[in-house]
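Enquirer: Pasting start.txt below, which is compact mmCIF, N, CA and C atoms.
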```txt
# COMPACT_ATOMS: atom_id res chain seq x y z
N MET A 1 68.83 96.53 148.83
CA MET A 1 67.75 95.85 148.13
C MET A 1 67.71 96.33 146.70
N ILE A 2 67.59 95.44 145.77
CA ILE A 2 67.57 95.78 144.36
C ILE A 2 66.16 96.14 143.95
N THR A 3 66.03 97.29 143.30
CA THR A 3 64.71 97.70 142.82
C THR A 3 64.39 96.92 141.56
N CYS A 4 63.12 96.96 141.18
CA CYS A 4 62.69 96.25 139.98
C CYS A 4 63.43 96.79 138.76
N LEU A 5 63.58 98.12 138.68
CA LEU A 5 64.27 98.72 137.54
C LEU A 5 65.73 98.28 137.48
N GLN A 6 66.40 98.21 138.64
CA GLN A 6 67.79 97.76 138.67
C GLN A 6 67.89 96.30 138.22
N ALA A 7 66.95 95.48 138.65
CA ALA A 7 66.97 94.06 138.27
C ALA A 7 66.78 93.92 136.77
N VAL A 8 65.85 94.69 136.20
CA VAL A 8 65.62 94.63 134.77
C VAL A 8 66.86 95.11 134.03
N ALA A 9 67.44 96.22 134.48
CA ALA A 9 68.64 96.76 133.84
C ALA A 9 69.78 95.74 133.91
N GLY A 10 69.90 95.07 135.06
CA GLY A 10 70.94 94.06 135.21
C GLY A 10 70.74 92.89 134.27
N THR A 11 69.50 92.46 134.14
CA THR A 11 69.20 91.35 133.24
C THR A 11 69.47 91.75 131.80
N LEU A 12 69.06 92.97 131.43
CA LEU A 12 69.29 93.42 130.06
C LEU A 12 70.78 93.58 129.78
N ALA A 13 71.53 94.10 130.75
CA ALA A 13 72.97 94.25 130.56
C ALA A 13 73.62 92.88 130.38
N LEU A 14 73.19 91.92 131.17
CA LEU A 14 73.73 90.57 131.07
C LEU A 14 73.37 89.98 129.71
N TRP A 15 72.12 90.10 129.30
CA TRP A 15 71.69 89.50 128.05
C TRP A 15 72.36 90.16 126.86
N ALA A 16 72.61 91.46 126.93
CA ALA A 16 73.24 92.17 125.81
C ALA A 16 74.65 91.64 125.55
N LEU A 17 75.31 91.17 126.59
CA LEU A 17 76.67 90.66 126.44
C LEU A 17 76.72 89.22 125.99
N VAL A 18 75.63 88.48 126.21
CA VAL A 18 75.62 87.06 125.87
C VAL A 18 75.06 86.91 124.47
N THR A 19 75.93 86.59 123.54
CA THR A 19 75.50 86.36 122.18
C THR A 19 75.93 84.96 121.80
N PRO A 20 75.25 84.34 120.85
CA PRO A 20 75.65 83.00 120.45
C PRO A 20 77.10 83.01 119.99
N ALA A 21 77.87 82.12 120.55
CA ALA A 21 79.28 82.00 120.17
C ALA A 21 79.70 80.57 120.38
N ALA A 22 80.59 80.12 119.56
CA ALA A 22 81.09 78.76 119.72
C ALA A 22 82.04 78.71 120.90
N ALA A 23 82.02 77.62 121.63
CA ALA A 23 82.95 77.44 122.73
C ALA A 23 84.37 77.50 122.17
N GLN A 24 85.28 78.15 122.89
CA GLN A 24 86.62 78.37 122.38
C GLN A 24 87.49 77.13 122.46
N THR A 25 87.25 76.28 123.42
CA THR A 25 88.03 75.06 123.58
C THR A 25 87.08 73.88 123.51
N PRO A 26 87.39 72.90 122.66
CA PRO A 26 86.50 71.73 122.61
C PRO A 26 86.41 71.06 123.99
N GLN A 27 85.20 70.79 124.40
CA GLN A 27 84.96 70.16 125.69
C GLN A 27 84.45 68.74 125.45
N PRO A 28 84.74 67.84 126.38
CA PRO A 28 84.16 66.50 126.25
C PRO A 28 82.64 66.58 126.43
N PRO A 29 81.90 65.65 125.87
CA PRO A 29 80.44 65.67 126.02
C PRO A 29 80.03 65.67 127.49
N ILE A 30 79.00 66.44 127.78
CA ILE A 30 78.47 66.55 129.14
C ILE A 30 77.25 65.66 129.24
N ASN A 31 77.30 64.71 130.18
CA ASN A 31 76.24 63.72 130.29
C ASN A 31 75.50 63.76 131.63
N ARG A 32 76.04 64.50 132.61
CA ARG A 32 75.41 64.55 133.94
C ARG A 32 75.24 66.00 134.38
N LEU A 33 74.27 66.23 135.25
CA LEU A 33 73.96 67.56 135.74
C LEU A 33 75.16 68.19 136.45
N ASP A 34 75.89 67.42 137.25
CA ASP A 34 77.04 67.98 137.96
C ASP A 34 78.14 68.39 136.98
N GLU A 35 78.17 67.77 135.81
CA GLU A 35 79.15 68.15 134.80
C GLU A 35 78.81 69.51 134.16
N VAL A 36 77.53 69.87 134.15
CA VAL A 36 77.12 71.18 133.65
C VAL A 36 77.71 72.26 134.56
N SER A 37 77.55 72.09 135.87
CA SER A 37 78.11 73.05 136.83
C SER A 37 79.62 73.13 136.69
N ALA A 38 80.27 71.98 136.57
CA ALA A 38 81.73 71.96 136.45
C ALA A 38 82.19 72.67 135.18
N ALA A 39 81.47 72.47 134.08
CA ALA A 39 81.84 73.12 132.82
C ALA A 39 81.67 74.63 132.92
N LEU A 40 80.59 75.08 133.55
CA LEU A 40 80.38 76.52 133.71
C LEU A 40 81.43 77.12 134.64
N ARG A 41 81.73 76.43 135.73
CA ARG A 41 82.75 76.93 136.66
C ARG A 41 84.13 77.00 136.00
N ALA A 42 84.41 76.08 135.09
CA ALA A 42 85.69 76.09 134.38
C ALA A 42 85.81 77.33 133.49
N CYS A 43 84.70 77.88 133.04
CA CYS A 43 84.70 79.08 132.20
C CYS A 43 84.65 80.37 133.02
N TRP A 44 84.36 80.27 134.30
CA TRP A 44 84.17 81.44 135.17
C TRP A 44 85.50 82.13 135.44
N VAL A 45 85.54 83.42 135.17
CA VAL A 45 86.68 84.26 135.51
C VAL A 45 86.10 85.45 136.27
N PRO A 46 86.37 85.55 137.58
CA PRO A 46 85.81 86.66 138.34
C PRO A 46 86.40 87.99 137.88
N PRO A 47 85.76 89.09 138.25
CA PRO A 47 86.27 90.40 137.84
C PRO A 47 87.67 90.64 138.42
N PRO A 48 88.40 91.61 137.85
CA PRO A 48 89.72 91.95 138.41
C PRO A 48 89.60 92.30 139.90
N LEU A 49 90.66 92.04 140.65
CA LEU A 49 90.63 92.27 142.10
C LEU A 49 90.21 93.68 142.48
N ASP A 50 90.62 94.67 141.69
CA ASP A 50 90.27 96.06 142.04
C ASP A 50 88.79 96.37 141.83
N GLN A 51 88.06 95.48 141.16
CA GLN A 51 86.62 95.66 140.95
C GLN A 51 85.81 94.64 141.74
N SER A 52 86.49 93.84 142.55
CA SER A 52 85.81 92.73 143.22
C SER A 52 85.46 93.07 144.66
N ARG A 53 84.73 92.14 145.27
CA ARG A 53 84.30 92.27 146.66
C ARG A 53 84.58 90.94 147.35
N PRO A 54 85.28 90.94 148.48
CA PRO A 54 85.56 89.67 149.18
C PRO A 54 84.26 88.93 149.51
N GLY A 55 84.21 87.66 149.12
CA GLY A 55 83.06 86.83 149.44
C GLY A 55 81.83 87.10 148.60
N MET A 56 81.94 87.90 147.57
CA MET A 56 80.79 88.23 146.72
C MET A 56 80.16 86.96 146.16
N GLN A 57 78.84 86.93 146.23
CA GLN A 57 78.08 85.81 145.67
C GLN A 57 77.14 86.34 144.61
N ILE A 58 77.02 85.59 143.54
CA ILE A 58 76.08 85.93 142.48
C ILE A 58 75.49 84.62 141.96
N THR A 59 74.18 84.61 141.80
CA THR A 59 73.48 83.42 141.33
C THR A 59 72.76 83.76 140.04
N VAL A 60 72.89 82.88 139.08
CA VAL A 60 72.26 83.10 137.77
C VAL A 60 71.39 81.89 137.43
N LYS A 61 70.20 82.19 136.92
CA LYS A 61 69.27 81.15 136.47
C LYS A 61 69.18 81.23 134.96
N MET A 62 69.27 80.07 134.32
CA MET A 62 69.22 80.01 132.86
C MET A 62 68.57 78.72 132.43
N SER A 63 68.26 78.64 131.17
CA SER A 63 67.76 77.41 130.57
C SER A 63 68.56 77.15 129.31
N PHE A 64 68.60 75.88 128.94
CA PHE A 64 69.33 75.48 127.75
C PHE A 64 68.41 74.77 126.77
N ARG A 65 68.80 74.80 125.52
CA ARG A 65 68.14 74.00 124.49
C ARG A 65 68.79 72.61 124.50
N ARG A 66 68.22 71.69 123.79
CA ARG A 66 68.77 70.33 123.73
C ARG A 66 70.22 70.30 123.25
N ASN A 67 70.56 71.24 122.36
CA ASN A 67 71.91 71.27 121.80
C ASN A 67 72.92 72.03 122.65
N GLY A 68 72.51 72.48 123.85
CA GLY A 68 73.43 73.16 124.76
C GLY A 68 73.47 74.66 124.62
N GLU A 69 72.73 75.23 123.67
CA GLU A 69 72.65 76.68 123.54
C GLU A 69 71.75 77.24 124.63
N LEU A 70 71.97 78.50 124.99
CA LEU A 70 71.09 79.15 125.95
C LEU A 70 69.70 79.29 125.35
N PHE A 71 68.70 79.12 126.19
CA PHE A 71 67.30 79.25 125.79
C PHE A 71 66.72 80.39 126.62
N GLY A 72 66.29 81.44 125.97
CA GLY A 72 65.76 82.58 126.71
C GLY A 72 66.89 83.41 127.31
N GLN A 73 66.51 84.25 128.24
CA GLN A 73 67.46 85.17 128.84
C GLN A 73 67.94 84.66 130.19
N PRO A 74 69.26 84.62 130.41
CA PRO A 74 69.75 84.30 131.75
C PRO A 74 69.32 85.42 132.70
N ARG A 75 69.11 85.07 133.96
CA ARG A 75 68.64 86.06 134.93
C ARG A 75 69.43 85.96 136.22
N ILE A 76 69.87 87.09 136.72
CA ILE A 76 70.53 87.14 138.02
C ILE A 76 69.44 87.05 139.07
N THR A 77 69.54 86.06 139.96
CA THR A 77 68.51 85.89 140.98
C THR A 77 68.99 86.28 142.37
N PHE A 78 70.31 86.42 142.54
CA PHE A 78 70.84 86.82 143.85
C PHE A 78 72.19 87.48 143.66
N GLU A 79 72.42 88.54 144.45
CA GLU A 79 73.72 89.18 144.57
C GLU A 79 73.92 89.52 146.04
N SER A 80 75.14 89.44 146.50
CA SER A 80 75.44 89.72 147.90
C SER A 80 74.91 91.08 148.32
N ALA A 81 74.34 91.12 149.51
CA ALA A 81 73.88 92.39 150.07
C ALA A 81 75.09 93.26 150.35
N GLY A 82 74.90 94.54 150.19
CA GLY A 82 75.97 95.48 150.50
C GLY A 82 76.94 95.73 149.36
N ALA A 83 76.80 95.01 148.27
CA ALA A 83 77.68 95.25 147.12
C ALA A 83 77.27 96.55 146.45
N SER A 84 78.24 97.29 145.99
CA SER A 84 77.94 98.54 145.29
C SER A 84 77.42 98.24 143.89
N ASP A 85 76.84 99.24 143.26
CA ASP A 85 76.34 99.06 141.89
C ASP A 85 77.49 98.69 140.96
N ASP A 86 78.65 99.30 141.15
CA ASP A 86 79.82 98.99 140.30
C ASP A 86 80.28 97.55 140.51
N GLU A 87 80.28 97.08 141.75
CA GLU A 87 80.67 95.70 142.02
C GLU A 87 79.67 94.73 141.40
N ARG A 88 78.39 95.01 141.57
CA ARG A 88 77.36 94.14 140.97
C ARG A 88 77.55 94.08 139.45
N LEU A 89 77.77 95.23 138.83
CA LEU A 89 77.94 95.27 137.39
C LEU A 89 79.16 94.46 136.95
N ALA A 90 80.26 94.58 137.70
CA ALA A 90 81.47 93.82 137.36
C ALA A 90 81.20 92.32 137.39
N TYR A 91 80.45 91.84 138.37
CA TYR A 91 80.14 90.42 138.46
C TYR A 91 79.13 89.99 137.39
N ARG A 92 78.18 90.87 137.07
CA ARG A 92 77.23 90.55 135.99
C ARG A 92 77.97 90.41 134.66
N ILE A 93 78.92 91.29 134.43
CA ILE A 93 79.72 91.21 133.20
C ILE A 93 80.54 89.92 133.19
N ALA A 94 81.12 89.55 134.35
CA ALA A 94 81.89 88.30 134.43
C ALA A 94 81.01 87.09 134.12
N VAL A 95 79.77 87.10 134.60
CA VAL A 95 78.84 86.01 134.31
C VAL A 95 78.52 85.98 132.81
N ALA A 96 78.27 87.14 132.23
CA ALA A 96 77.96 87.21 130.80
C ALA A 96 79.13 86.69 129.96
N LYS A 97 80.33 87.07 130.33
CA LYS A 97 81.51 86.60 129.60
C LYS A 97 81.68 85.09 129.76
N MET A 98 81.39 84.58 130.95
CA MET A 98 81.46 83.13 131.17
C MET A 98 80.49 82.40 130.25
N LEU A 99 79.26 82.89 130.16
CA LEU A 99 78.27 82.25 129.31
C LEU A 99 78.67 82.34 127.84
N LYS A 100 79.26 83.45 127.45
CA LYS A 100 79.69 83.60 126.06
C LYS A 100 80.84 82.64 125.74
N ARG A 101 81.77 82.47 126.70
CA ARG A 101 82.90 81.55 126.49
C ARG A 101 82.44 80.11 126.42
N CYS A 102 81.47 79.74 127.23
CA CYS A 102 81.06 78.33 127.37
C CYS A 102 80.02 77.88 126.36
N ALA A 103 79.13 78.76 125.97
CA ALA A 103 77.99 78.34 125.16
C ALA A 103 78.38 78.13 123.71
N PRO A 104 77.82 77.16 123.05
CA PRO A 104 76.91 76.15 123.61
C PRO A 104 77.69 75.05 124.33
N LEU A 105 77.08 74.49 125.35
CA LEU A 105 77.69 73.38 126.07
C LEU A 105 77.47 72.09 125.27
N PRO A 106 78.45 71.20 125.28
CA PRO A 106 78.35 69.97 124.48
C PRO A 106 77.55 68.86 125.18
N PHE A 107 76.24 69.04 125.28
CA PHE A 107 75.40 68.05 125.92
C PHE A 107 75.33 66.77 125.10
N THR A 108 75.27 65.66 125.79
CA THR A 108 74.91 64.42 125.11
C THR A 108 73.42 64.51 124.77
N GLU A 109 72.98 63.66 123.88
CA GLU A 109 71.56 63.67 123.52
C GLU A 109 70.68 63.40 124.74
N THR A 110 71.11 62.48 125.58
CA THR A 110 70.33 62.13 126.78
C THR A 110 70.18 63.32 127.72
N LEU A 111 71.30 63.99 128.04
CA LEU A 111 71.23 65.14 128.94
C LEU A 111 70.47 66.28 128.29
N GLY A 112 70.73 66.52 127.01
CA GLY A 112 70.02 67.59 126.31
C GLY A 112 68.52 67.40 126.36
N ASN A 113 68.05 66.19 126.16
CA ASN A 113 66.62 65.90 126.23
C ASN A 113 66.08 66.10 127.64
N ALA A 114 66.86 65.73 128.65
CA ALA A 114 66.41 65.84 130.04
C ALA A 114 66.42 67.29 130.53
N LEU A 115 67.38 68.09 130.07
CA LEU A 115 67.58 69.44 130.61
C LEU A 115 66.90 70.53 129.79
N ALA A 116 66.56 70.25 128.56
CA ALA A 116 66.03 71.27 127.65
C ALA A 116 64.84 72.02 128.25
N GLY A 117 64.98 73.35 128.30
CA GLY A 117 63.89 74.21 128.76
C GLY A 117 63.69 74.28 130.25
N ARG A 118 64.39 73.47 131.01
CA ARG A 118 64.22 73.47 132.47
C ARG A 118 65.18 74.49 133.09
N PRO A 119 64.73 75.16 134.15
CA PRO A 119 65.61 76.15 134.77
C PRO A 119 66.83 75.47 135.42
N PHE A 120 67.96 76.10 135.25
CA PHE A 120 69.22 75.63 135.83
C PHE A 120 69.83 76.82 136.55
N THR A 121 70.16 76.63 137.81
CA THR A 121 70.70 77.71 138.64
C THR A 121 72.09 77.35 139.12
N ILE A 122 72.98 78.35 139.08
CA ILE A 122 74.34 78.15 139.57
C ILE A 122 74.77 79.39 140.35
N ARG A 123 75.49 79.16 141.44
CA ARG A 123 75.98 80.25 142.29
C ARG A 123 77.49 80.30 142.21
N PHE A 124 78.01 81.50 142.08
CA PHE A 124 79.45 81.73 142.10
C PHE A 124 79.79 82.53 143.34
N ILE A 125 80.88 82.13 144.00
CA ILE A 125 81.35 82.82 145.20
C ILE A 125 82.81 83.20 144.95
N ASP A 126 83.09 84.48 145.06
CA ASP A 126 84.46 84.96 144.86
C ASP A 126 85.19 84.94 146.20
N GLN A 127 86.07 83.95 146.36
CA GLN A 127 86.78 83.78 147.62
C GLN A 127 88.25 84.16 147.53
N ARG A 128 88.64 84.81 146.44
CA ARG A 128 90.07 85.12 146.24
C ARG A 128 90.64 85.95 147.37
N LYS A 129 90.03 87.07 147.72
CA LYS A 129 90.56 87.93 148.78
C LYS A 129 90.46 87.25 150.14
N LEU A 130 89.43 86.43 150.33
CA LEU A 130 89.28 85.71 151.59
C LEU A 130 90.43 84.72 151.77
N ARG A 131 90.79 84.03 150.71
CA ARG A 131 91.92 83.07 150.78
C ARG A 131 93.22 83.80 151.04
N GLN A 132 93.41 84.95 150.39
CA GLN A 132 94.63 85.72 150.60
C GLN A 132 94.74 86.13 152.06
N ALA A 133 93.66 86.55 152.66
CA ALA A 133 93.67 86.97 154.07
C ALA A 133 93.99 85.80 154.98
N GLU A 134 93.46 84.62 154.66
CA GLU A 134 93.74 83.43 155.48
C GLU A 134 95.21 83.04 155.42
N ASN A 135 95.85 83.25 154.28
CA ASN A 135 97.25 82.87 154.08
C ASN A 135 98.24 83.93 154.51
N ALA A 136 97.76 85.10 154.90
CA ALA A 136 98.65 86.19 155.31
C ALA A 136 99.29 85.85 156.66
N PRO A 137 100.54 86.29 156.85
CA PRO A 137 101.22 86.00 158.13
C PRO A 137 100.63 86.75 159.29
```
If you took the structure in this file and wrote it as structure tokens, what would it be?
Expert:
Amino acid sequence: MITCLQAVAGTLALWALVTPAAAQTPQPPINRLDEVSAALRACWVPPPLDQSRPGMQITVKMSFRRNGELFGQPRITFESAGASDDERLAYRIAVAKMLKRCAPLPFTETLGNALAGRPFTIRFIDQRKLRQAENAP
């Protein structure tokens, strides 16, 4: 169970890594909610295997401005039970790097107006080691 202090420290660590940065690769305009998830998943790079946990799940809640920039502080709302502090930190850093790589998202005016300021939640599941085990002879 995560204590309040650990949750605050995790949020602060995540926020400290997320700074305004231009997206590194031009993306097509995002006009639908499912495209927001797809764009974020395309930027997601899980931690190195030696720092990872099979089946690890992490959920982050964030809000965006009309122009696709982050609004306020992203917040981790769920992490897999049983993960060590080091594993949790590795995934928090991966989420922060994902947000830094992706932000700002290229929202269309319509989506930006609809999504601005509203909470948006996305869950990431690291299935790399699970897939490797399934494919083993």
Enquirer: Which residue is closest to A:Val95? Choose from A:Gly68, A:Gly112, A:Val60, A:Thr121 and count all atoms listed in the file.
Expert: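 Once distances to A:Val95 are computed over all atoms listed in the file, the minimum belongs to A:Val60.
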Enquirer: Would you compute an axis-aligned box for stretch 44-60 of chain A, covering every atom listed for it in the file with 4 Å of margin on each side, and report centre and edge lengths in Å to one decimal as JSON?
Expert:
```
{"center_x": 81.0, "center_y": 88.3, "center_z": 141.9, "size_x": 27.3, "size_y": 24.1, "size_z": 23.2}
```
Enquirer: Every residue with an atom at most 8 Å from (71.1, 85.8, 147.8) (file coordinates; only N, CA and C atoms) is what I'm after, so could you write them as JSON, numbers by chain?
Expert: {"A": [57, 58, 59, 77, 78, 79, 80, 81]}
Enquirer: Enumerate, as a list of chain:residue names, the protein, DNA and RNA residues whose atoms approach (72.0, 61.9, 130.8) to within 7 Å, taking into account all atoms listed in the file and the coordinate frame of the file.
Expert: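 Answer for this query, in the requested form: A:Ile30, A:Asn31, A:Arg32, A:Leu33, A:Thr108, A:Glu109, A:Thr110, A:Leu111, A:Gly112, A:Ala114.
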Enquirer: How far is it from atom N of A:Leu89 to atom C of A:Arg65, in Å with one decimal?
Expert: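 Distance reported for this atom pair: 28.2 Å.
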Enquirer: Just checking: using only N, CA and C atoms, which residue out of A:Arg88, A:Arg66, A:Arg75, A:Arg101 ends up closest to A:Ser52?
Expert: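 Closest residue, counting only N, CA and C atoms: A:Arg88.
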Enquirer: Quote the spacing between atom C of A:Pro48 and atom CA of A:Ala90 in Å to one decimal place.
Expert: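 Spanning atom C of A:Pro48 to atom CA of A:Ala90 is a straight-line distance of 8.7 Å.
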Enquirer: Nearest to A:Leu49: which of A:Pro74, A:Pro104, A:Lys129, A:Gly82 is it, counting all atoms listed in the file?
Expert: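 When distances to A:Leu49 are compared using all atoms listed in the file, the smallest one comes from A:Lys129.
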Enquirer: Near stretch 61-64 of chain A, within 12 Å and counting only C-alpha atoms, which residues show up once chain neighbours fewer than 3 positions away are dropped, as an NGL selection string?
Expert: :A and (11 or 14-15 or 18 or 36-37 or 40 or 58 or 67-78 or 95-96 or 99 or 103-107 or 111-124)
Enquirer: Kindly give the distance, in Å, that separates atom CA of A:Gln127 and atom N of A:Pro29, rounded to a single decimal.
Expert: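 Going from atom CA of A:Gln127 over to atom N of A:Pro29, I get 28.7 Å.
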Enquirer: Smallest atom-to-atom distance to A:Lys97: which of A:Ile125, A:Gly55, A:Ala83, A:Pro47, using only C-alpha atoms?
Expert: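 The closest residue to A:Lys97 is A:Pro47.
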Enquirer: Quick one: pick out all helix (DSSP H, G or I) residues within stretch 8-134 of chain A from a backbone DSSP run and write them as a VMD selection string.
Expert: chain A and resid 8 to 17 33 to 43 49 to 51 85 to 102 109 to 115 128 to 134
Enquirer: If you run DSSP on this backbone, which residues of stretch 98-131 of chain A come out as strand (DSSP E), and could you give them as a PyMOL selection string?
Expert: chain A and resi 120-125
Enquirer: Any chance you could model N, CA, C and O atoms for stretch 88-102 of chain A and send them as a short mmCIF file (atom, residue, chain, number, x, y, z; two decimals), in the frame of the given file?
Expert:
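Below is the file that was written, rebuild_26.cif:
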```cif
data_model
loop_
_atom_site.label_atom_id
_atom_site.label_comp_id
_atom_site.auth_asym_id
_atom_site.auth_seq_id
_atom_site.Cartn_x
_atom_site.Cartn_y
_atom_site.Cartn_z
N ARG A 88 78.39 95.01 141.57
CA ARG A 88 77.36 94.14 140.97
C ARG A 88 77.55 94.08 139.45
O ARG A 88 77.49 93.01 138.86
N LEU A 89 77.77 95.23 138.83
CA LEU A 89 77.94 95.27 137.39
C LEU A 89 79.16 94.46 136.95
O LEU A 89 79.11 93.72 135.98
N ALA A 90 80.26 94.58 137.70
CA ALA A 90 81.47 93.82 137.36
C ALA A 90 81.20 92.32 137.39
O ALA A 90 81.67 91.58 136.51
N TYR A 91 80.45 91.84 138.37
CA TYR A 91 80.14 90.42 138.46
C TYR A 91 79.13 89.99 137.39
O TYR A 91 79.21 88.89 136.85
N ARG A 92 78.18 90.87 137.07
CA ARG A 92 77.23 90.55 135.99
C ARG A 92 77.97 90.41 134.66
O ARG A 92 77.68 89.50 133.87
N ILE A 93 78.92 91.29 134.43
CA ILE A 93 79.72 91.21 133.20
C ILE A 93 80.54 89.92 133.19
O ILE A 93 80.65 89.25 132.17
N ALA A 94 81.12 89.55 134.35
CA ALA A 94 81.89 88.30 134.43
C ALA A 94 81.01 87.09 134.12
O ALA A 94 81.44 86.16 133.43
N VAL A 95 79.77 87.10 134.60
CA VAL A 95 78.84 86.01 134.31
C VAL A 95 78.52 85.98 132.81
O VAL A 95 78.52 84.91 132.18
N ALA A 96 78.27 87.14 132.23
CA ALA A 96 77.96 87.21 130.80
C ALA A 96 79.13 86.69 129.96
O ALA A 96 78.93 85.93 129.01
N LYS A 97 80.33 87.07 130.33
CA LYS A 97 81.51 86.60 129.60
C LYS A 97 81.68 85.09 129.76
O LYS A 97 82.07 84.40 128.81
N MET A 98 81.39 84.58 130.95
CA MET A 98 81.46 83.13 131.17
C MET A 98 80.49 82.40 130.25
O MET A 98 80.84 81.42 129.61
N LEU A 99 79.26 82.89 130.16
CA LEU A 99 78.27 82.25 129.31
C LEU A 99 78.67 82.34 127.84
O LEU A 99 78.48 81.39 127.08
N LYS A 100 79.26 83.45 127.45
CA LYS A 100 79.69 83.60 126.06
C LYS A 100 80.84 82.64 125.74
O LYS A 100 80.89 82.05 124.67
N ARG A 101 81.77 82.47 126.70
CA ARG A 101 82.90 81.55 126.49
C ARG A 101 82.44 80.11 126.42
O ARG A 101 82.98 79.31 125.67
N CYS A 102 81.47 79.74 127.23
CA CYS A 102 81.06 78.33 127.37
C CYS A 102 80.02 77.88 126.36
O CYS A 102 79.98 76.70 126.02
#
```
